[in-house]
>>> print(open('query_19.cif').read())   # mmCIF, C-alpha atoms
data_work
loop_
_atom_site.group_PDB
_atom_site.id
_atom_site.type_symbol
_atom_site.label_atom_id
_atom_site.label_comp_id
_atom_site.auth_asym_id
_atom_site.auth_seq_id
_atom_site.Cartn_x
_atom_site.Cartn_y
_atom_site.Cartn_z
ATOM 1 C CA SER C 719 123.028 99.867 -28.949
ATOM 2 C CA TYR C 720 122.285 100.125 -25.242
ATOM 3 C CA VAL C 721 122.376 96.359 -24.725
ATOM 4 C CA HIS C 722 125.596 96.093 -26.717
ATOM 5 C CA SER C 723 127.364 98.746 -24.691
ATOM 6 C CA SER C 724 125.999 97.666 -21.269
ATOM 7 C CA LEU C 725 126.929 93.970 -21.666
ATOM 8 C CA LEU C 726 130.454 94.739 -22.842
ATOM 9 C CA ASP C 727 131.156 97.671 -20.497
ATOM 10 C CA GLU C 728 129.876 96.010 -17.308
ATOM 11 C CA LEU C 729 131.695 93.228 -15.491
ATOM 12 C CA ASN C 730 129.777 89.982 -16.114
ATOM 13 C CA TRP C 731 130.243 86.468 -17.453
ATOM 14 C CA ILE C 732 129.082 87.350 -20.980
ATOM 15 C CA SER C 733 131.595 90.179 -21.405
ATOM 16 C CA ASN C 734 134.306 87.918 -19.961
ATOM 17 C CA TRP C 735 133.464 85.179 -22.494
ATOM 18 C CA TYR C 736 133.193 87.706 -25.361
ATOM 19 C CA ASN C 737 136.595 89.245 -24.637
ATOM 20 C CA SER C 738 138.335 85.855 -24.265
ATOM 21 C CA SER C 739 136.526 83.425 -26.584
ATOM 22 C CA TYR C 740 134.569 85.358 -29.238
ATOM 23 C CA VAL C 741 135.599 84.547 -32.826
ATOM 24 C CA GLU C 742 134.640 86.860 -35.676
ATOM 25 C CA GLY C 743 131.718 85.311 -37.555
ATOM 26 C CA GLY C 744 130.937 82.871 -34.720
ATOM 27 C CA LEU C 745 128.212 82.935 -32.087
ATOM 28 C CA ASN C 746 127.585 86.511 -30.932
ATOM 29 C CA PRO C 747 125.465 87.013 -27.796
ATOM 30 C CA ILE C 748 125.641 90.826 -27.847
ATOM 31 C CA GLY C 749 122.669 92.946 -28.969
ATOM 32 C CA TRP C 750 118.873 92.797 -28.960
ATOM 33 C CA GLU C 751 118.846 90.989 -32.293
ATOM 34 C CA ASN C 752 121.006 88.146 -30.872
ATOM 35 C CA ALA C 753 118.636 86.889 -28.168
ATOM 36 C CA ILE C 754 118.591 83.360 -29.615
ATOM 37 C CA PRO C 755 122.433 83.025 -29.764
ATOM 38 C CA ARG C 756 122.537 84.366 -26.193
ATOM 39 C CA TYR C 757 120.053 81.661 -25.167
ATOM 40 C CA TRP C 758 122.202 78.929 -26.781
ATOM 41 C CA LEU C 759 125.261 80.210 -24.931
ATOM 42 C CA CYS C 760 123.383 80.072 -21.609
ATOM 43 C CA LEU C 761 122.073 76.602 -22.371
ATOM 44 C CA PHE C 762 125.586 75.445 -23.257
ATOM 45 C CA TRP C 763 126.825 76.508 -19.814
ATOM 46 C CA ALA C 764 123.830 74.904 -18.064
ATOM 47 C CA ILE C 765 124.400 71.541 -19.757
ATOM 48 C CA GLN C 766 128.109 71.698 -18.886
ATOM 49 C CA SER C 767 127.146 72.180 -15.228
ATOM 50 C CA ILE C 768 124.534 69.403 -15.156
ATOM 51 C CA THR C 769 126.801 66.848 -16.820
ATOM 52 C CA SER C 770 129.868 68.030 -14.849
ATOM 53 C CA ILE C 771 131.885 68.388 -18.087
ATOM 54 C CA GLY C 772 132.920 72.026 -17.613
ATOM 55 C CA TYR C 773 135.047 73.165 -20.567
ATOM 56 C CA GLY C 774 136.083 76.255 -18.619
ATOM 57 C CA ASN C 775 135.485 78.788 -21.373
ATOM 58 C CA ILE C 776 132.412 80.120 -19.554
ATOM 59 C CA SER C 777 132.903 81.074 -15.939
ATOM 60 C CA PRO C 778 131.342 83.400 -13.358
ATOM 61 C CA VAL C 779 132.941 86.745 -12.636
ATOM 62 C CA THR C 780 130.948 88.722 -10.065
ATOM 63 C CA THR C 781 130.066 87.682 -6.516
ATOM 64 C CA ILE C 782 126.410 87.188 -7.423
ATOM 65 C CA GLU C 783 127.357 84.998 -10.415
ATOM 66 C CA PHE C 784 129.658 82.869 -8.246
ATOM 67 C CA ALA C 785 126.928 82.429 -5.620
ATOM 68 C CA PHE C 786 124.378 81.425 -8.276
ATOM 69 C CA ALA C 787 126.875 79.050 -9.936
ATOM 70 C CA ASN C 788 127.689 77.368 -6.604
ATOM 71 C CA PHE C 789 124.007 76.829 -5.848
ATOM 72 C CA LEU C 790 123.301 75.511 -9.338
ATOM 73 C CA MET C 791 126.252 73.101 -9.277
ATOM 74 C CA LEU C 792 125.107 71.641 -5.956
ATOM 75 C CA LEU C 793 121.575 71.272 -7.298
ATOM 76 C CA CYS C 794 122.826 69.715 -10.522
ATOM 77 C CA GLY C 795 125.029 67.294 -8.590
ATOM 78 C CA ILE C 796 122.042 65.998 -6.613
ATOM 79 C CA PHE C 797 119.901 65.797 -9.746
ATOM 80 C CA TRP C 798 122.598 63.971 -11.712
ATOM 81 C CA ALA C 799 123.179 61.489 -8.876
ATOM 82 C CA TYR C 800 119.431 60.752 -8.796
ATOM 83 C CA ILE C 801 119.331 60.142 -12.569
ATOM 84 C CA ILE C 802 122.343 57.817 -12.443
ATOM 85 C CA GLY C 803 120.914 55.946 -9.454
ATOM 86 C CA SER C 804 117.573 55.468 -11.196
ATOM 87 C CA LEU C 805 119.237 54.147 -14.347
ATOM 88 C CA VAL C 806 121.345 51.716 -12.314
ATOM 89 C CA GLU C 807 118.219 50.473 -10.511
ATOM 90 C CA VAL C 808 116.414 49.859 -13.806
ATOM 91 C CA VAL C 809 119.386 47.985 -15.267
ATOM 92 C CA GLN C 810 119.753 45.879 -12.108
ATOM 93 C CA GLY C 811 116.051 45.010 -12.208
ATOM 94 C CA LEU C 812 116.300 43.866 -15.811
ATOM 95 C CA ALA C 813 119.454 41.916 -15.031
ATOM 96 C CA SER C 814 117.780 40.223 -12.039
ATOM 97 C CA THR C 815 114.816 39.069 -14.138
ATOM 98 C CA SER C 816 117.136 37.922 -16.895
ATOM 99 C CA GLN C 817 119.354 36.005 -14.468
ATOM 100 C CA GLU C 818 116.340 34.305 -12.883
ATOM 101 C CA TYR C 819 115.072 33.324 -16.323
ATOM 102 C CA ILE C 820 118.478 31.951 -17.351
ATOM 103 C CA SER C 821 118.745 30.023 -14.085
ATOM 104 C CA ARG C 822 115.299 28.488 -14.533
ATOM 105 C CA MET C 823 115.978 27.640 -18.146
ATOM 106 C CA ASN C 824 119.300 26.000 -17.239
ATOM 107 C CA ASP C 825 117.542 23.887 -14.598
ATOM 108 C CA ALA C 826 114.879 22.947 -17.154
ATOM 109 C CA ASN C 827 117.495 21.985 -19.729
ATOM 110 C CA GLN C 828 119.234 19.793 -17.166
ATOM 111 C CA MET C 829 115.938 18.111 -16.319
ATOM 112 C CA VAL C 830 115.170 17.515 -20.001
ATOM 113 C CA LYS C 831 118.666 16.135 -20.487
ATOM 114 C CA ASP C 832 118.004 13.593 -17.731
ATOM 115 C CA PHE C 833 114.749 12.355 -19.281
ATOM 116 C CA THR C 834 115.051 8.580 -19.520
ATOM 117 C CA VAL C 835 112.528 8.616 -22.351
ATOM 118 C CA LYS C 836 112.667 11.537 -24.759
ATOM 119 C CA GLN C 837 109.202 10.899 -26.188
ATOM 120 C CA LEU C 838 106.385 9.139 -24.379
ATOM 121 C CA PRO C 839 104.082 6.748 -26.239
ATOM 122 C CA GLU C 840 100.866 8.365 -27.409
ATOM 123 C CA SER C 841 98.901 5.954 -25.229
ATOM 124 C CA VAL C 842 100.616 7.451 -22.166
ATOM 125 C CA GLY C 843 100.964 11.151 -22.902
ATOM 126 C CA GLY C 844 98.475 11.698 -25.693
ATOM 127 C CA SER C 845 99.142 13.370 -29.019
ATOM 128 C CA LEU C 846 99.479 16.818 -27.446
ATOM 129 C CA HIS C 847 102.232 15.789 -25.041
ATOM 130 C CA LYS C 848 104.796 14.417 -27.479
ATOM 131 C CA LYS C 849 107.213 17.337 -27.205
ATOM 132 C CA SER C 850 107.319 17.804 -23.448
ATOM 133 C CA SER C 851 110.744 19.451 -23.503
ATOM 134 C CA LYS C 852 109.507 22.200 -25.821
ATOM 135 C CA ARG C 853 106.413 22.767 -23.691
ATOM 136 C CA VAL C 854 108.513 23.102 -20.521
ATOM 137 C CA ARG C 855 110.717 25.767 -22.092
ATOM 138 C CA ARG C 856 107.718 27.631 -23.517
ATOM 139 C CA PHE C 857 105.986 27.577 -20.136
ATOM 140 C CA ILE C 858 109.004 29.165 -18.401
ATOM 141 C CA THR C 859 109.281 31.804 -21.123
ATOM 142 C CA ASN C 860 105.573 32.615 -20.802
ATOM 143 C CA GLN C 861 105.975 32.984 -17.047
ATOM 144 C CA ARG C 862 108.686 35.567 -17.592
ATOM 145 C CA ASP C 863 106.788 37.454 -20.296
ATOM 146 C CA VAL C 864 103.452 37.873 -18.519
ATOM 147 C CA ALA C 865 104.441 38.214 -14.880
ATOM 148 C CA THR C 866 105.547 41.195 -12.788
ATOM 149 C CA LYS C 867 108.629 41.739 -10.647
ATOM 150 C CA ASN C 868 107.419 38.834 -8.496
ATOM 151 C CA TRP C 869 107.516 36.472 -11.474
ATOM 152 C CA SER C 870 110.128 34.271 -9.799
ATOM 153 C CA GLU C 871 107.564 33.043 -7.283
ATOM 154 C CA SER C 872 106.772 29.361 -7.614
ATOM 155 C CA ASN C 873 103.520 27.999 -8.999
ATOM 156 C CA ALA C 874 100.628 27.395 -6.576
ATOM 157 C CA SER C 875 101.679 30.348 -4.442
ATOM 158 C CA THR C 876 99.549 31.764 -1.652
ATOM 159 C CA LEU C 877 99.187 35.487 -1.049
ATOM 160 C CA ALA C 878 101.856 35.371 1.650
ATOM 161 C CA GLU C 879 104.239 33.607 -0.738
ATOM 162 C CA SER C 880 103.506 36.003 -3.587
ATOM 163 C CA TYR C 881 103.776 39.069 -1.350
ATOM 164 C CA PRO C 882 106.267 38.365 1.486
ATOM 165 C CA THR C 883 105.519 41.784 2.995
ATOM 166 C CA LEU C 884 102.228 40.383 4.301
ATOM 167 C CA SER C 885 104.077 38.131 6.749
ATOM 168 C CA ILE C 886 105.702 41.062 8.585
ATOM 169 C CA LEU C 887 102.595 43.225 8.894
ATOM 170 C CA SER C 888 100.286 43.471 11.887
ATOM 171 C CA PRO C 889 97.198 41.203 11.715
ATOM 172 C CA GLU C 890 94.853 44.107 10.969
ATOM 173 C CA LEU C 891 97.074 45.604 8.270
ATOM 174 C CA ARG C 892 97.624 42.147 6.779
ATOM 175 C CA ARG C 893 93.859 41.676 6.587
ATOM 176 C CA PHE C 894 93.296 44.975 4.817
ATOM 177 C CA CYS C 895 96.102 44.312 2.338
ATOM 178 C CA ALA C 896 94.691 40.849 1.597
ATOM 179 C CA LEU C 897 91.323 42.455 0.861
ATOM 180 C CA HIS C 898 92.930 45.033 -1.407
ATOM 181 C CA LEU C 899 94.458 42.185 -3.402
ATOM 182 C CA THR C 900 91.388 39.929 -3.650
ATOM 183 C CA TYR C 901 88.236 41.913 -2.814
ATOM 184 C CA SER C 902 87.034 42.382 -6.413
ATOM 185 C CA LEU C 903 87.543 38.664 -7.078
ATOM 186 C CA LEU C 904 85.714 37.435 -3.982
ATOM 187 C CA GLU C 905 82.810 39.777 -4.723
ATOM 188 C CA THR C 906 82.099 37.766 -7.896
ATOM 189 C CA ILE C 907 81.243 34.715 -5.750
ATOM 190 C CA PRO C 908 77.794 35.428 -4.235
ATOM 191 C CA TYR C 909 78.138 33.544 -0.935
ATOM 192 C CA LEU C 910 81.689 34.889 -0.366
ATOM 193 C CA SER C 911 80.759 38.500 -1.106
ATOM 194 C CA SER C 912 80.453 41.311 1.424
ATOM 195 C CA ASN C 913 76.674 40.765 1.356
ATOM 196 C CA TYR C 914 77.194 37.746 3.602
ATOM 197 C CA LEU C 915 80.777 37.740 4.883
ATOM 198 C CA SER C 916 82.495 40.206 7.163
ATOM 199 C CA PRO C 917 85.849 41.737 6.110
ATOM 200 C CA GLU C 918 87.577 39.428 8.586
ATOM 201 C CA GLU C 919 85.973 36.352 6.987
ATOM 202 C CA GLN C 920 86.804 37.534 3.470
ATOM 203 C CA ALA C 921 90.420 38.110 4.505
ATOM 204 C CA GLU C 922 90.537 34.627 6.037
ATOM 205 C CA ILE C 923 89.395 33.158 2.711
ATOM 206 C CA ALA C 924 91.854 35.316 0.774
ATOM 207 C CA MET C 925 94.857 34.085 2.727
ATOM 208 C CA GLN C 926 93.981 30.479 1.835
ATOM 209 C CA CYS C 927 93.625 31.091 -1.902
ATOM 210 C CA VAL C 928 96.453 30.332 -4.308
ATOM 211 C CA THR C 929 97.567 31.377 -7.774
ATOM 212 C CA LEU C 930 97.934 28.531 -10.280
ATOM 213 C CA GLU C 931 99.565 28.553 -13.708
ATOM 214 C CA PHE C 932 98.951 26.086 -16.534
ATOM 215 C CA SER C 933 100.549 25.434 -19.893
ATOM 216 C CA THR C 934 98.877 24.738 -23.233
ATOM 217 C CA ALA C 935 96.778 21.545 -23.401
ATOM 218 C CA GLU C 936 97.035 20.933 -19.658
ATOM 219 C CA LYS C 937 93.981 19.538 -17.846
ATOM 220 C CA PHE C 938 92.726 20.307 -14.342
ATOM 221 C CA SER C 939 89.890 19.052 -12.198
ATOM 222 C CA ALA C 940 91.270 19.179 -8.652
ATOM 223 C CA HIS C 941 94.453 20.301 -6.944
ATOM 224 C CA PRO C 942 96.523 17.358 -5.604
ATOM 225 C CA ASP C 943 96.784 18.956 -2.143
ATOM 226 C CA LEU C 944 93.890 21.425 -1.943
ATOM 227 C CA GLY C 945 91.267 19.391 -3.796
ATOM 228 C CA ARG C 946 88.443 20.996 -5.766
ATOM 229 C CA GLY C 947 87.738 24.696 -5.840
ATOM 230 C CA ILE C 948 86.579 27.727 -7.773
ATOM 231 C CA LEU C 949 88.718 28.999 -10.636
ATOM 232 C CA ILE C 950 88.790 32.703 -11.452
ATOM 233 C CA PHE C 951 90.704 33.259 -14.673
ATOM 234 C CA ARG C 952 93.214 36.137 -14.649
ATOM 235 C CA ARG C 953 94.774 35.271 -17.998
ATOM 236 C CA GLY C 954 94.156 32.709 -20.724
ATOM 237 C CA PHE C 955 91.218 30.580 -21.883
ATOM 238 C CA ALA C 956 89.813 27.112 -21.350
ATOM 239 C CA THR C 957 87.284 24.627 -22.558
ATOM 240 C CA VAL C 958 85.256 22.573 -20.103
ATOM 241 C CA SER C 959 84.110 18.971 -20.272
ATOM 242 C CA ARG C 960 83.011 16.220 -17.896
ATOM 243 C CA ASN C 961 85.456 13.508 -16.926
ATOM 244 C CA VAL C 962 83.642 10.815 -18.933
ATOM 245 C CA PRO C 963 83.446 10.270 -22.701
ATOM 246 C CA SER C 964 80.464 12.346 -23.815
ATOM 247 C CA LYS C 965 79.335 15.047 -26.187
ATOM 248 C CA PHE C 966 79.526 17.597 -23.404
ATOM 249 C CA PHE C 967 82.216 20.078 -24.369
ATOM 250 C CA ARG C 968 81.827 23.802 -23.731
ATOM 251 C CA TRP C 969 84.015 26.725 -24.718
ATOM 252 C CA HIS C 970 84.357 29.528 -22.170
ATOM 253 C CA LYS C 971 85.190 32.995 -23.476
ATOM 254 C CA ASP C 972 85.249 36.421 -21.875
ATOM 255 C CA ILE C 973 85.969 34.744 -18.552
ATOM 256 C CA LYS C 974 88.610 37.118 -17.218
ATOM 257 C CA ASP C 975 87.977 37.782 -13.499
ATOM 258 C CA LYS C 976 84.799 35.664 -13.594
ATOM 259 C CA PRO C 977 84.347 32.594 -11.341
ATOM 260 C CA ILE C 978 83.633 29.127 -12.744
ATOM 261 C CA ASP C 979 82.120 26.196 -10.841
ATOM 262 C CA VAL C 980 80.541 28.429 -8.169
ATOM 263 C CA ASP C 981 77.595 26.097 -7.517
ATOM 264 C CA GLU C 982 79.053 22.641 -8.146
ATOM 265 C CA VAL C 983 81.992 23.248 -5.822
ATOM 266 C CA LEU C 984 79.530 23.060 -2.907
ATOM 267 C CA VAL C 985 78.515 19.493 -3.797
ATOM 268 C CA GLU C 986 80.338 16.658 -2.024
ATOM 269 C CA ASP C 987 83.125 14.860 -3.881
ATOM 270 C CA ASP C 988 81.368 11.478 -3.654
ATOM 271 C CA TYR C 989 78.250 12.780 -5.352
ATOM 272 C CA LEU C 990 80.127 14.177 -8.347
ATOM 273 C CA GLU C 991 81.594 10.798 -9.281
ATOM 274 C CA GLU C 992 81.956 10.881 -13.075
ATOM 275 C CA ARG C 993 80.283 14.257 -13.547
ATOM 276 C CA GLN C 994 83.103 16.493 -12.374
ATOM 277 C CA LEU C 995 84.196 19.419 -14.533
ATOM 278 C CA VAL C 996 87.536 19.129 -16.307
ATOM 279 C CA PHE C 997 89.271 22.271 -17.586
ATOM 280 C CA HIS C 998 91.348 22.084 -20.776
ATOM 281 C CA PHE C 999 93.594 25.148 -20.997
ATOM 282 C CA VAL C 1000 94.276 26.923 -24.269
ATOM 283 C CA GLY C 1001 97.626 28.711 -24.095
ATOM 284 C CA PHE C 1002 99.427 29.852 -20.973
ATOM 285 C CA THR C 1003 96.792 30.381 -18.274
ATOM 286 C CA LYS C 1004 96.887 31.966 -14.831
ATOM 287 C CA VAL C 1005 94.011 31.489 -12.378
ATOM 288 C CA PHE C 1006 93.021 32.523 -8.870
ATOM 289 C CA PHE C 1007 92.015 29.324 -7.061
ATOM 290 C CA VAL C 1008 89.632 29.337 -4.076
ATOM 291 C CA PRO C 1009 89.837 25.902 -2.373
ATOM 292 C CA ARG C 1010 86.601 24.153 -1.461
ATOM 293 C CA SER C 1011 87.997 23.416 2.013
ATOM 294 C CA ALA C 1012 88.344 27.151 2.689
ATOM 295 C CA ILE C 1013 84.825 27.819 1.382
ATOM 296 C CA MET C 1014 83.182 25.136 3.500
ATOM 297 C CA GLY C 1015 85.175 26.209 6.561
ATOM 298 C CA ILE C 1016 83.725 29.720 6.321
ATOM 299 C CA LEU C 1017 80.188 28.518 5.542
ATOM 300 C CA GLU C 1018 80.231 26.263 8.607
ATOM 301 C CA LYS C 1019 80.887 29.311 10.772
ATOM 302 C CA ASN C 1020 78.582 31.710 8.919
ATOM 303 C CA GLU C 1021 75.048 30.285 9.014
ATOM 304 C CA ARG C 1022 73.532 33.271 7.244
ATOM 305 C CA ALA C 1023 75.760 32.852 4.175
ATOM 306 C CA TRP C 1024 74.807 29.166 4.040
ATOM 307 C CA LYS C 1025 71.076 29.476 4.688
ATOM 308 C CA ASP C 1026 70.391 32.566 2.590
ATOM 309 C CA CYS C 1027 72.609 31.837 -0.395
ATOM 310 C CA ALA C 1028 74.931 28.838 -0.507
ATOM 311 C CA ARG C 1029 72.444 26.072 0.314
ATOM 312 C CA TRP C 1030 70.107 27.082 -2.531
ATOM 313 C CA ARG C 1031 73.029 26.955 -4.934
ATOM 314 C CA TYR C 1032 73.973 23.585 -3.428
ATOM 315 C CA PHE C 1033 70.485 22.202 -4.118
ATOM 316 C CA LYS C 1034 70.487 23.666 -7.634
ATOM 317 C CA ALA C 1035 73.839 22.081 -8.463
ATOM 318 C CA GLY C 1036 72.701 18.724 -7.075
ATOM 319 C CA LEU C 1037 69.590 18.734 -9.227
ATOM 320 C CA VAL C 1038 71.524 19.720 -12.350
ATOM 321 C CA LEU C 1039 74.109 16.986 -11.790
ATOM 322 C CA TYR C 1040 71.424 14.401 -11.146
ATOM 323 C CA SER C 1041 69.487 15.374 -14.276
ATOM 324 C CA MET C 1042 72.532 14.984 -16.492
ATOM 325 C CA LYS C 1043 73.518 11.602 -15.050
ATOM 326 C CA ASP C 1044 71.654 9.592 -17.682
ATOM 327 C CA SER C 1045 72.669 11.835 -20.589
ATOM 328 C CA LEU C 1046 76.347 11.611 -19.689
ATOM 329 C CA THR C 1047 76.350 7.835 -19.427
ATOM 330 C CA ALA C 1048 74.145 7.245 -22.450
#
>>> encode(input="query_19.cif", output="structure tokens")
Amino acid sequence: SYVHSSLLDELNWISNWYNSSYVEGGLNPIGWENAIPRYWLCLFWAIQSITSIGYGNISPVTTIEFAFANFLMLLCGIFWAYIIGSLVEVVQGLASTSQEYISRMNDANQMVKDFTVKQLPESVGGSLHKKSSKRVRRFITNQRDVATKNWSESNASTLAESYPTLSILSPELRRFCALHLTYSLLETIPYLSSNYLSPEEQAEIAMQCVTLEFSTAEKFSAHPDLGRGILIFRRGFATVSRNVPSKFFRWHKDIKDKPIDVDEVLVEDDYLEERQLVFHFVGFTKVFFVPRSAIMGILEKNERAWKDCARWRYFKAGLVLYSMKDSLTA
């Protein structure tokens, strides 16, 4: 045929391979009917070039073929280097997370080993806190499993601690980035929303918020350093009670990205007394915590947010707490 005669009579890489490497009964790239074998032969050469194996049985012959081969080998070299670099980066990232986890677990094991009392009396730790060593290890494992590349950050971390890049940005860029990270969360709190606060005020609040993590059966009513505040659940569940023996016990579900204690947080600590909310966490829980000190600092400077929204919620919370005083102590 025409294709048969032209490929074999002309000087090209296929005729060179056919004359030097063709075996009777083997792959035959010559002829219209052998388009698929010709494709496999071309693909074989392309893969050799990409992987830099190069058996040498297929090689360019003409000037045009040499020019094309040179260009393709350079392109393949860059592509192959990119693939290898990406794989190395992925492996290093996995190794870094694994090493951090092993380091934390080793530190935890050393701490558990140094426990002077392996099991606390039930009167001290309660029935749910008998196996503290197991809970510590499970908490660290949960941290690794649910967190991102920044999982190694410590608990109770501010935005600047969670995202160190914020500390090197200009004030304006830092403010915008802080809003990108927290805007949707702050908008769920009426008196901290953009209806009353400027972007600068919202960013100021955002930079004072922290991320808290809790293990199963842990309780929380106030942060030891930051005091009371609003909890916005990012992961996990909780039940809520008052910090006195009573029948008040409420289960919160579907609370992801929803604020809790929005009204009562405005009430003074002295007035709450024995009526303060206590959160009992079910499973590993991660929350966005807005400190009361940050809230009141902004409301003191923004009269409109206080007069038009926050003060009415303050009065409402005070009335509700007062009305339940007798029922809680009954």
>>> residues_around(input="query_19.cif", residues="Arg1031 (chain C)", least_positions_apart="5", cutoff="9 Å", atoms="all atoms listed in the file", output="ChimeraX atom specification")
/C:980-982,984,1036
>>> closest_residue(input="query_19.cif", among="C:Pro977, C:Gly954, C:Pro889, C:Pro882", to="Leu904 (chain C)", atoms="all atoms listed in the file")
C:Pro977
>>> atom_distance(input="query_19.cif", atom1="CA of Tyr736 (chain C)", atom2="CA of Asn775 (chain C)")
10.0 Å
>>> closest_residue(input="query_19.cif", among="C:Val806, C:Ala813, C:Leu792, C:Leu1017", to="Tyr909 (chain C)", atoms="only C-alpha atoms")
C:Leu1017
>>> resolve_selection(input="query_19.cif", expression="the PyMOL selection byres ((chain C and resi 987) around 12)", output="PyMOL selection string")
chain C and resi 939-940+945-947+982-986+988-995+1010-1011+1036
>>> axis_aligned_box(input="query_19.cif", around="region 784-798 of chain C", padding_each_side="8 Å", output="lines of an AutoDock Vina configuration file")
center_x = 124.8
center_y = 73.4
center_z = -8.7
size_x = 25.8
size_y = 34.9
size_z = 22.1
>>> atom_distance(input="query_19.cif", atom1="CA of Met823 (chain C)", atom2="CA of Asp863 (chain C)")
13.6 Å
>>> resolve_selection(input="query_19.cif", expression="the PyMOL selection byres ((chain C and resi 1026) around 12)", output="ChimeraX atom specification")
/C:908-910,913-915,1017,1020-1025,1027-1032
>>> closest_residue(input="query_19.cif", among="C:Met1014, C:Ile820, C:Ile765, C:Leu930", to="Ile858 (chain C)", atoms="all atoms listed in the file")
C:Ile820
>>> resolve_selection(input="query_19.cif", expression="the PyMOL selection byres ((chain C and resi 897-900) around 9)", output="count of residues only")
15
>>> atom_distance(input="query_19.cif", atom1="CA of Gln828 (chain C)", atom2="CA of Phe932 (chain C)")
21.2 Å
>>> residues_near_point(input="query_19.cif", point="(98.4, 29.8, -18.3)", cutoff="6 Å", atoms="all atoms listed in the file", output="VMD selection string")
chain C and resid 931 to 933 954 1001 to 1004
>>> write_last_selection(input="query_19.cif", atoms="C-alpha atoms", output="short mmCIF file (atom, residue, chain, number, x, y, z; two decimals), keeping the file's coordinate frame")
data_model
loop_
_atom_site.label_atom_id
_atom_site.label_comp_id
_atom_site.auth_asym_id
_atom_site.auth_seq_id
_atom_site.Cartn_x
_atom_site.Cartn_y
_atom_site.Cartn_z
CA GLU C 931 99.56 28.55 -13.71
CA PHE C 932 98.95 26.09 -16.53
CA SER C 933 100.55 25.43 -19.89
CA GLY C 954 94.16 32.71 -20.72
CA GLY C 1001 97.63 28.71 -24.10
CA PHE C 1002 99.43 29.85 -20.97
CA THR C 1003 96.79 30.38 -18.27
CA LYS C 1004 96.89 31.97 -14.83
#
>>> residues_around(input="query_19.cif", residues="Lys976 (chain C)", least_positions_apart="6", cutoff="8 Å", atoms="all atoms listed in the file", output="ChimeraX atom specification")
/C:903,906,950-951
>>> write_last_selection(input="query_19.cif", atoms="C-alpha atoms", output="mmCIF file, keeping the file's coordinate frame")
data_model
loop_
_atom_site.group_PDB
_atom_site.id
_atom_site.type_symbol
_atom_site.label_atom_id
_atom_site.label_comp_id
_atom_site.auth_asym_id
_atom_site.auth_seq_id
_atom_site.Cartn_x
_atom_site.Cartn_y
_atom_site.Cartn_z
ATOM 1 C CA LEU C 903 87.543 38.664 -7.078
ATOM 2 C CA THR C 906 82.099 37.766 -7.896
ATOM 3 C CA ILE C 950 88.790 32.703 -11.452
ATOM 4 C CA PHE C 951 90.704 33.259 -14.673
#
>>> residues_around(input="query_19.cif", residues="Asn730 (chain C)", least_positions_apart="6", cutoff="9 Å", atoms="only C-alpha atoms", output="PDB file with C-alpha atoms, in the coordinates of the input")
ATOM      1  CA  PRO C 778     131.342  83.400 -13.358  1.00  0.00           C
ATOM      2  CA  VAL C 779     132.941  86.745 -12.636  1.00  0.00           C
ATOM      3  CA  THR C 780     130.948  88.722 -10.065  1.00  0.00           C
ATOM      4  CA  GLU C 783     127.357  84.998 -10.415  1.00  0.00           C
TER       5      GLU C 783
END
>>> closest_residue(input="query_19.cif", among="C:Asp727, C:Glu936, C:Glu818, C:Glu1018", to="Ile748 (chain C)", atoms="only C-alpha atoms")
C:Asp727
>>> residues_around(input="query_19.cif", residues="Tyr757 (chain C)", least_positions_apart="3", cutoff="12 Å", atoms="all atoms listed in the file", output="NGL selection string")
:C and (732 or 745-748 or 750-754 or 760-764)
>>> closest_residue(input="query_19.cif", among="C:Ile771, C:Leu725, C:Ile776, C:Leu759", to="Ser738 (chain C)", atoms="all atoms listed in the file")
C:Ile776
